[in-house]
file upload.pdb (PDB, C-alpha atoms, pLDDT in the B column)
MODEL        1
ATOM      1  CA  VAL A  40       0.000   0.000   0.000  1.00 78.00           C
ATOM      2  CA  ALA A  41       2.768   2.452   0.932  1.00 86.00           C
ATOM      3  CA  ALA A  42       4.666   1.687  -2.294  1.00 90.00           C
ATOM      4  CA  ALA A  43       1.572   2.341  -4.412  1.00 89.00           C
ATOM      5  CA  LYS A  44       0.975   5.679  -2.659  1.00 88.00           C
ATOM      6  CA  LEU A  45       4.573   6.663  -3.414  1.00 89.00           C
ATOM      7  CA  GLY A  46       4.422   5.422  -7.017  1.00 90.00           C
ATOM      8  CA  LEU A  47       7.031   2.711  -6.406  1.00 93.00           C
ATOM      9  CA  ASN A  48       7.341  -0.986  -7.241  1.00 95.00           C
ATOM     10  CA  PHE A  49       7.267  -3.387  -4.270  1.00 95.00           C
ATOM     11  CA  LYS A  50       8.885  -6.714  -3.344  1.00 96.00           C
ATOM     12  CA  ALA A  51       8.372  -8.216   0.121  1.00 96.00           C
ATOM     13  CA  GLN A  52      11.720 -10.081   0.017  1.00 96.00           C
ATOM     14  CA  ALA A  53      14.820  -9.491  -2.110  1.00 96.00           C
ATOM     15  CA  GLU A  54      18.450 -10.519  -2.293  1.00 94.00           C
ATOM     16  CA  LEU A  55      21.190  -7.941  -1.753  1.00 92.00           C
ATOM     17  CA  ALA A  56      22.198  -8.389  -5.397  1.00 93.00           C
ATOM     18  CA  GLU A  57      19.031  -6.528  -6.432  1.00 94.00           C
ATOM     19  CA  LEU A  58      20.761  -3.338  -5.262  1.00 94.00           C
ATOM     20  CA  PRO A  59      24.338  -3.881  -6.527  1.00 92.00           C
ATOM     21  CA  PHE A  60      25.513  -0.450  -5.374  1.00 90.00           C
ATOM     22  CA  LEU A  61      25.226  -1.655  -1.755  1.00 89.00           C
ATOM     23  CA  ALA A  62      28.424  -3.651  -2.291  1.00 84.00           C
ATOM     24  CA  GLY A  63      30.271  -0.306  -2.433  1.00 80.00           C
ATOM     25  CA  PHE A  64      29.358   0.485   1.171  1.00 81.00           C
ATOM     26  CA  ASP A  65      31.012  -0.925   4.257  1.00 73.00           C
ATOM     27  CA  LEU A  66      27.954  -0.575   6.464  1.00 66.00           C
ATOM     28  CA  PHE A  67      28.714   0.044  10.111  1.00 58.00           C
ATOM     29  CA  GLU A  68      25.632  -1.712  11.422  1.00 62.00           C
ATOM     30  CA  GLY A  69      26.653  -5.323  10.832  1.00 71.00           C
ATOM     31  CA  TYR A  70      26.798  -8.030   8.190  1.00 80.00           C
ATOM     32  CA  PRO A  71      24.020  -7.466   5.575  1.00 85.00           C
ATOM     33  CA  LEU A  72      21.884 -10.555   4.906  1.00 87.00           C
ATOM     34  CA  LYS A  73      18.888  -9.580   2.768  1.00 93.00           C
ATOM     35  CA  LEU A  74      16.340  -6.904   1.912  1.00 95.00           C
ATOM     36  CA  GLU A  75      12.718  -6.740   3.001  1.00 96.00           C
ATOM     37  CA  ASN A  76       9.936  -4.399   1.881  1.00 96.00           C
ATOM     38  CA  LEU A  77      11.948  -3.256  -1.136  1.00 96.00           C
ATOM     39  CA  MET A  78      10.364  -0.330  -2.987  1.00 95.00           C
ATOM     40  CA  THR A  79      12.020   0.958  -6.155  1.00 95.00           C
ATOM     41  CA  GLY A  80      11.393   3.589  -8.781  1.00 94.00           C
ATOM     42  CA  LYS A  81      12.754   6.754 -10.372  1.00 92.00           C
ATOM     43  CA  SER A  82      12.869  10.261  -8.925  1.00 82.00           C
ATOM     44  CA  ALA A  83      15.087  13.326  -8.861  1.00 71.00           C
ATOM     45  CA  GLY A  84      17.042  12.210 -11.899  1.00 81.00           C
ATOM     46  CA  GLY A  85      18.001   8.868 -10.412  1.00 90.00           C
ATOM     47  CA  HIS A  86      16.931   5.429  -9.312  1.00 94.00           C
ATOM     48  CA  ILE A  87      15.544   5.363  -5.796  1.00 94.00           C
ATOM     49  CA  ALA A  88      14.976   2.553  -3.343  1.00 95.00           C
ATOM     50  CA  VAL A  89      13.492   2.321   0.130  1.00 95.00           C
ATOM     51  CA  PHE A  90      13.986  -0.938   1.999  1.00 95.00           C
ATOM     52  CA  ASP A  91      14.545  -2.641   5.299  1.00 95.00           C
ATOM     53  CA  LEU A  92      18.073  -3.999   5.499  1.00 92.00           C
ATOM     54  CA  VAL A  93      18.252  -7.205   7.514  1.00 90.00           C
ATOM     55  CA  TYR A  94      21.705  -7.617   9.054  1.00 87.00           C
ATOM     56  CA  ARG A  95      23.491  -9.808  11.546  1.00 84.00           C
ATOM     57  CA  ASN A  96      25.291  -8.466  14.597  1.00 76.00           C
ATOM     58  CA  VAL A  97      28.054 -10.596  16.018  1.00 69.00           C
ATOM     59  CA  GLY A  98      28.375 -10.299  19.790  1.00 64.00           C
ATOM     60  CA  ARG A  99      31.470 -10.598  21.912  1.00 62.00           C
ATOM     61  CA  SER A 100      32.970 -14.055  22.109  1.00 61.00           C
ATOM     62  CA  GLY A 101      30.373 -16.452  23.403  1.00 59.00           C
ATOM     63  CA  ALA A 102      27.577 -13.864  23.172  1.00 65.00           C
ATOM     64  CA  GLY A 103      26.222 -15.208  19.887  1.00 68.00           C
ATOM     65  CA  THR A 104      24.575 -13.267  17.098  1.00 80.00           C
ATOM     66  CA  THR A 105      21.393 -11.286  16.674  1.00 83.00           C
ATOM     67  CA  THR A 106      19.491 -10.245  13.586  1.00 84.00           C
ATOM     68  CA  SER A 107      18.398  -6.632  13.245  1.00 85.00           C
ATOM     69  CA  ARG A 108      16.619  -4.436  10.704  1.00 89.00           C
ATOM     70  CA  GLN A 109      16.752  -0.813   9.718  1.00 91.00           C
ATOM     71  CA  THR A 110      14.966   1.178   7.041  1.00 94.00           C
ATOM     72  CA  MET A 111      17.173   2.809   4.433  1.00 94.00           C
ATOM     73  CA  ALA A 112      16.529   5.075   1.463  1.00 94.00           C
ATOM     74  CA  ALA A 113      18.933   5.222  -1.452  1.00 94.00           C
ATOM     75  CA  ILE A 114      19.438   7.103  -4.667  1.00 94.00           C
ATOM     76  CA  VAL A 115      21.754   6.264  -7.538  1.00 95.00           C
ATOM     77  CA  ALA A 116      22.226   9.127  -9.993  1.00 94.00           C
ATOM     78  CA  GLY A 117      24.711   9.562 -12.810  1.00 92.00           C
ATOM     79  CA  ASP A 118      25.522  13.131 -11.820  1.00 92.00           C
ATOM     80  CA  LEU A 119      26.400  12.287  -8.213  1.00 93.00           C
ATOM     81  CA  ARG A 120      30.173  12.155  -7.818  1.00 94.00           C
ATOM     82  CA  LEU A 121      30.817  11.494  -4.166  1.00 96.00           C
ATOM     83  CA  PRO A 122      33.917  10.501  -2.275  1.00 95.00           C
ATOM     84  CA  ASN A 123      33.421   7.532   0.020  1.00 93.00           C
ATOM     85  CA  PHE A 124      32.068   9.099   3.242  1.00 94.00           C
ATOM     86  CA  PHE A 125      29.819   8.443   6.226  1.00 91.00           C
ATOM     87  CA  VAL A 126      28.003  10.875   8.515  1.00 93.00           C
ATOM     88  CA  ARG A 127      26.372   9.412  11.615  1.00 89.00           C
ATOM     89  CA  PRO A 128      25.212  10.730  14.968  1.00 91.00           C
ATOM     90  CA  GLU A 129      28.065  10.657  17.431  1.00 82.00           C
ATOM     91  CA  GLY A 130      27.225   8.437  20.381  1.00 71.00           C
ATOM     92  CA  ALA A 131      29.111   6.282  22.851  1.00 53.00           C
ATOM     93  CA  ILE A 132      30.099   3.642  20.284  1.00 58.00           C
ATOM     94  CA  GLU A 133      31.454   6.247  17.864  1.00 53.00           C
ATOM     95  CA  THR A 134      33.390   7.988  20.644  1.00 56.00           C
ATOM     96  CA  VAL A 135      35.059   4.715  21.654  1.00 53.00           C
ATOM     97  CA  LEU A 136      35.868   3.811  18.052  1.00 60.00           C
ATOM     98  CA  ASN A 137      37.352   7.232  17.429  1.00 51.00           C
ATOM     99  CA  THR A 138      39.519   6.869  20.548  1.00 56.00           C
ATOM    100  CA  VAL A 139      40.873   3.526  19.331  1.00 54.00           C
ATOM    101  CA  SER A 140      41.408   4.676  15.741  1.00 54.00           C
ATOM    102  CA  PRO A 141      40.893   8.424  15.169  1.00 53.00           C
ATOM    103  CA  VAL A 142      38.856   8.863  12.003  1.00 75.00           C
ATOM    104  CA  ASP A 143      36.383  11.654  12.813  1.00 84.00           C
ATOM    105  CA  ILE A 144      36.752  14.696  10.547  1.00 92.00           C
ATOM    106  CA  ASP A 145      35.888  17.784  12.578  1.00 91.00           C
ATOM    107  CA  PHE A 146      35.364  21.343  11.363  1.00 94.00           C
ATOM    108  CA  ASP A 147      36.530  24.138  13.666  1.00 94.00           C
ATOM    109  CA  GLU A 148      34.049  26.530  12.011  1.00 95.00           C
ATOM    110  CA  ARG A 149      31.119  24.168  12.780  1.00 95.00           C
ATOM    111  CA  PRO A 150      31.555  22.985  16.389  1.00 94.00           C
ATOM    112  CA  ASP A 151      27.888  21.886  16.730  1.00 93.00           C
ATOM    113  CA  PHE A 152      28.151  19.616  13.700  1.00 94.00           C
ATOM    114  CA  SER A 153      31.522  18.286  14.848  1.00 91.00           C
ATOM    115  CA  ARG A 154      30.190  17.548  18.340  1.00 89.00           C
ATOM    116  CA  LYS A 155      26.955  15.887  17.142  1.00 91.00           C
ATOM    117  CA  PHE A 156      28.242  13.876  14.171  1.00 93.00           C
ATOM    118  CA  MET A 157      31.027  11.531  13.268  1.00 89.00           C
ATOM    119  CA  LEU A 158      32.154  12.183   9.690  1.00 93.00           C
ATOM    120  CA  TYR A 159      34.702   9.871   8.159  1.00 89.00           C
ATOM    121  CA  GLY A 160      35.869   8.435   4.859  1.00 90.00           C
ATOM    122  CA  SER A 161      38.874   7.488   2.780  1.00 87.00           C
ATOM    123  CA  ASP A 162      39.732  10.922   1.304  1.00 94.00           C
ATOM    124  CA  GLU A 163      39.629  13.641   3.966  1.00 95.00           C
ATOM    125  CA  THR A 164      40.555  16.408   1.498  1.00 96.00           C
ATOM    126  CA  ALA A 165      37.677  15.528  -0.849  1.00 96.00           C
ATOM    127  CA  ILE A 166      35.252  15.200   2.076  1.00 96.00           C
ATOM    128  CA  ARG A 167      36.247  18.599   3.480  1.00 96.00           C
ATOM    129  CA  ALA A 168      35.729  20.144   0.028  1.00 96.00           C
ATOM    130  CA  LEU A 169      32.290  18.505  -0.239  1.00 96.00           C
ATOM    131  CA  PHE A 170      30.861  19.864   3.004  1.00 96.00           C
ATOM    132  CA  ASP A 171      29.605  23.439   3.161  1.00 96.00           C
ATOM    133  CA  ALA A 172      27.148  25.546   5.190  1.00 96.00           C
ATOM    134  CA  PRO A 173      23.909  24.169   3.641  1.00 96.00           C
ATOM    135  CA  LYS A 174      25.004  20.581   4.350  1.00 96.00           C
ATOM    136  CA  PHE A 175      26.034  21.381   7.916  1.00 96.00           C
ATOM    137  CA  ASP A 176      22.717  23.180   8.447  1.00 96.00           C
ATOM    138  CA  PHE A 177      20.745  20.170   7.198  1.00 95.00           C
ATOM    139  CA  PHE A 178      22.473  17.737   9.540  1.00 94.00           C
ATOM    140  CA  GLU A 179      22.271  20.064  12.540  1.00 94.00           C
ATOM    141  CA  LYS A 180      18.488  20.256  11.972  1.00 94.00           C
ATOM    142  CA  ASN A 181      18.209  16.452  11.526  1.00 93.00           C
ATOM    143  CA  PRO A 182      20.459  15.029  14.261  1.00 92.00           C
ATOM    144  CA  SER A 183      19.259  11.413  14.051  1.00 92.00           C
ATOM    145  CA  LEU A 184      20.072  10.830  10.368  1.00 93.00           C
ATOM    146  CA  SER A 185      23.008   8.898   8.998  1.00 92.00           C
ATOM    147  CA  ILE A 186      24.219   9.305   5.417  1.00 93.00           C
ATOM    148  CA  ALA A 187      26.661   7.230   3.407  1.00 93.00           C
ATOM    149  CA  GLY A 188      27.933   8.325   0.010  1.00 95.00           C
ATOM    150  CA  SER A 189      30.127   6.645  -2.568  1.00 94.00           C
ATOM    151  CA  GLY A 190      30.476   7.435  -6.264  1.00 94.00           C
ATOM    152  CA  ASN A 191      27.004   7.869  -7.736  1.00 95.00           C
ATOM    153  CA  ALA A 192      25.103   6.409  -4.751  1.00 95.00           C
ATOM    154  CA  MET A 193      23.836   7.785  -1.453  1.00 95.00           C
ATOM    155  CA  LEU A 194      22.134   6.028   1.482  1.00 94.00           C
ATOM    156  CA  LEU A 195      20.089   7.646   4.218  1.00 93.00           C
ATOM    157  CA  TYR A 196      18.919   5.955   7.418  1.00 92.00           C
ATOM    158  CA  ILE A 197      18.314   6.290  11.127  1.00 89.00           C
ATOM    159  CA  PRO A 198      20.594   3.727  12.790  1.00 84.00           C
ATOM    160  CA  ARG A 199      18.806   0.681  14.187  1.00 84.00           C
ATOM    161  CA  SER A 200      15.371   2.076  13.289  1.00 91.00           C
ATOM    162  CA  VAL A 201      12.562   0.610  11.197  1.00 93.00           C
ATOM    163  CA  ALA A 202      10.287   3.254   9.680  1.00 92.00           C
ATOM    164  CA  GLN A 203       6.530   3.111   9.878  1.00 91.00           C
ATOM    165  CA  PRO A 204       4.814   3.046   6.453  1.00 88.00           C
ATOM    166  CA  GLU A 205       3.477   6.599   6.893  1.00 88.00           C
ATOM    167  CA  SER A 206       7.037   7.981   7.286  1.00 90.00           C
ATOM    168  CA  LEU A 207       8.503   6.389   4.139  1.00 90.00           C
ATOM    169  CA  GLY A 208       7.618   9.470   2.097  1.00 88.00           C
ATOM    170  CA  GLN A 209       9.798  11.527   4.432  1.00 89.00           C
ATOM    171  CA  TYR A 210      12.739   9.159   3.831  1.00 89.00           C
ATOM    172  CA  LEU A 211      12.275   9.660   0.080  1.00 89.00           C
ATOM    173  CA  SER A 212      12.017  13.425   0.488  1.00 89.00           C
ATOM    174  CA  PHE A 213      15.229  13.522   2.512  1.00 90.00           C
ATOM    175  CA  VAL A 214      17.243  11.345   0.117  1.00 90.00           C
ATOM    176  CA  THR A 215      15.938  13.305  -2.888  1.00 90.00           C
ATOM    177  CA  TYR A 216      16.792  16.627  -1.220  1.00 91.00           C
ATOM    178  CA  LEU A 217      20.231  15.386  -0.198  1.00 90.00           C
ATOM    179  CA  SER A 218      21.006  14.099  -3.686  1.00 91.00           C
ATOM    180  CA  GLN A 219      20.366  17.629  -4.990  1.00 91.00           C
ATOM    181  CA  LEU A 220      22.359  19.194  -2.137  1.00 93.00           C
ATOM    182  CA  PHE A 221      25.379  16.962  -2.796  1.00 92.00           C
ATOM    183  CA  ARG A 222      25.438  17.449  -6.589  1.00 88.00           C
TER     184      ARG A 222
ENDMDL
END

call {"tool": "encode", "arguments": {"input": "upload.pdb", "output": "structure tokens"}}
result
Amino acid sequence: VAAAKLGLNFKAQAELAELPFLAGFDLFEGYPLKLENLMTGKSAGGHIAVFDLVYRNVGRSGAGTTTSRQTMAAIVAGDLRLPNFFVRPEGAIETVLNTVSPVDIDFDERPDFSRKFMLYGSDETAIRALFDAPKFDFFEKNPSLSIAGSGNAMLLYIPRSVAQPESLGQYLSFVTYLSQLFR
């Protein structure tokens, strides 16, 4: 029903291979297993997808594994040219990881952004050149969002959160807006 309202195609279950661009992302949340509630279509000059990623978390030795889900929105557009980067809310896990292996790119001119978000990627110079005031403003106004970019693809999600059907339009609006902002 939600897919029809949004003008998208729907598949209840799908293999990861249906979204080949996902292979370009080293997702922080765990080991990806499959897709559920996959909705696909075209918008904003690109191919869009909204889906629940099912992933496995491996616990500490002897703790076993758990399976989790989170809703993600993605856009793949030929005119996106992004360095490999991740922006995620900075919490306890990110603080510990950054202490062990410093990767967080901070901006002296944007202390709120730098305090609230962990930004990292493989090419710090390109990432610094990519971020400007409108991007900082967006993230500061939307402190729960995580974004991953690589080449012509961008992912948007709220870590460890499954969206209700009525909020899927907002995910699409955000990823569409961000794809324009990052072009």

call {"tool": "resolve_selection", "arguments": {"input": "upload.pdb", "expression": "the PyMOL selection byres ((chain A and resi 178-180) around 10)", "output": "PyMOL selection string"}}
result
chain A and resi 126-128+149+151-153+155-156+173-177+181-186

call {"tool": "residues_around", "arguments": {"input": "upload.pdb", "residues": "Gly63 of chain A", "least_positions_apart": "3", "cutoff": "12 Å", "atoms": "all atoms listed in the file", "output": "JSON, numbers by chain"}}
result
{"A": [55, 56, 58, 59, 60, 66, 115, 121, 122, 123, 124, 187, 188, 189, 190, 191, 192, 193, 194]}

call {"tool": "resolve_selection", "arguments": {"input": "upload.pdb", "expression": "the PyMOL selection byres ((chain A and resi 95) around 6)", "output": "PyMOL selection string"}}
result
chain A and resi 69-70+94+96+105-106

call {"tool": "atom_distance", "arguments": {"input": "upload.pdb", "atom1": "atom CA of Val142 of chain A", "atom2": "atom CA of Leu158 of chain A"}}
result
7.8 Å

call {"tool": "axis_aligned_box", "arguments": {"input": "upload.pdb", "around": "segment 176-192 of chain A", "padding_each_side": "8 Å", "output": "lines of an AutoDock Vina configuration file"}}
result
center_x = 24.3
center_y = 14.8
center_z = 3.3
size_x = 28.3
size_y = 32.8
size_z = 38.0

call {"tool": "atom_distance", "arguments": {"input": "upload.pdb", "atom1": "atom CA of Arg154 of chain A", "atom2": "atom CA of Glu129 of chain A"}}
result
7.3 Å

call {"tool": "residues_around", "arguments": {"input": "upload.pdb", "residues": "Ala116 of chain A", "least_positions_apart": "3", "cutoff": "9 Å", "atoms": "all atoms listed in the file", "output": "number ranges by chain"}}
result
A: 83-87, 119-120, 191-193, 218

call {"tool": "residues_around", "arguments": {"input": "upload.pdb", "residues": "Phe170 of chain A", "least_positions_apart": "4", "cutoff": "10 Å", "atoms": "all atoms listed in the file", "output": "number ranges by chain"}}
result
A: 146, 165-166, 174-175, 220-221

call {"tool": "closest_residue", "arguments": {"input": "upload.pdb", "among": "A:Val40, A:Met157, A:Ala53, A:Leu195", "to": "Leu72 of chain A", "atoms": "only C-alpha atoms"}}
result
A:Ala53

call {"tool": "closest_residue", "arguments": {"input": "upload.pdb", "among": "A:Ser200, A:Val214, A:Tyr159, A:Asn48", "to": "Thr110 of chain A", "atoms": "only C-alpha atoms"}}
result
A:Ser200

call {"tool": "closest_residue", "arguments": {"input": "upload.pdb", "among": "A:Leu217, A:Ile197, A:Leu47, A:Leu207", "to": "Ile114 of chain A", "atoms": "all atoms listed in the file"}}
result
A:Leu217

call {"tool": "residues_around", "arguments": {"input": "upload.pdb", "residues": "Val93 of chain A", "least_positions_apart": "4", "cutoff": "6 Å", "atoms": "all atoms listed in the file", "output": "PyMOL selection string"}}
result
chain A and resi 72-74+107-108
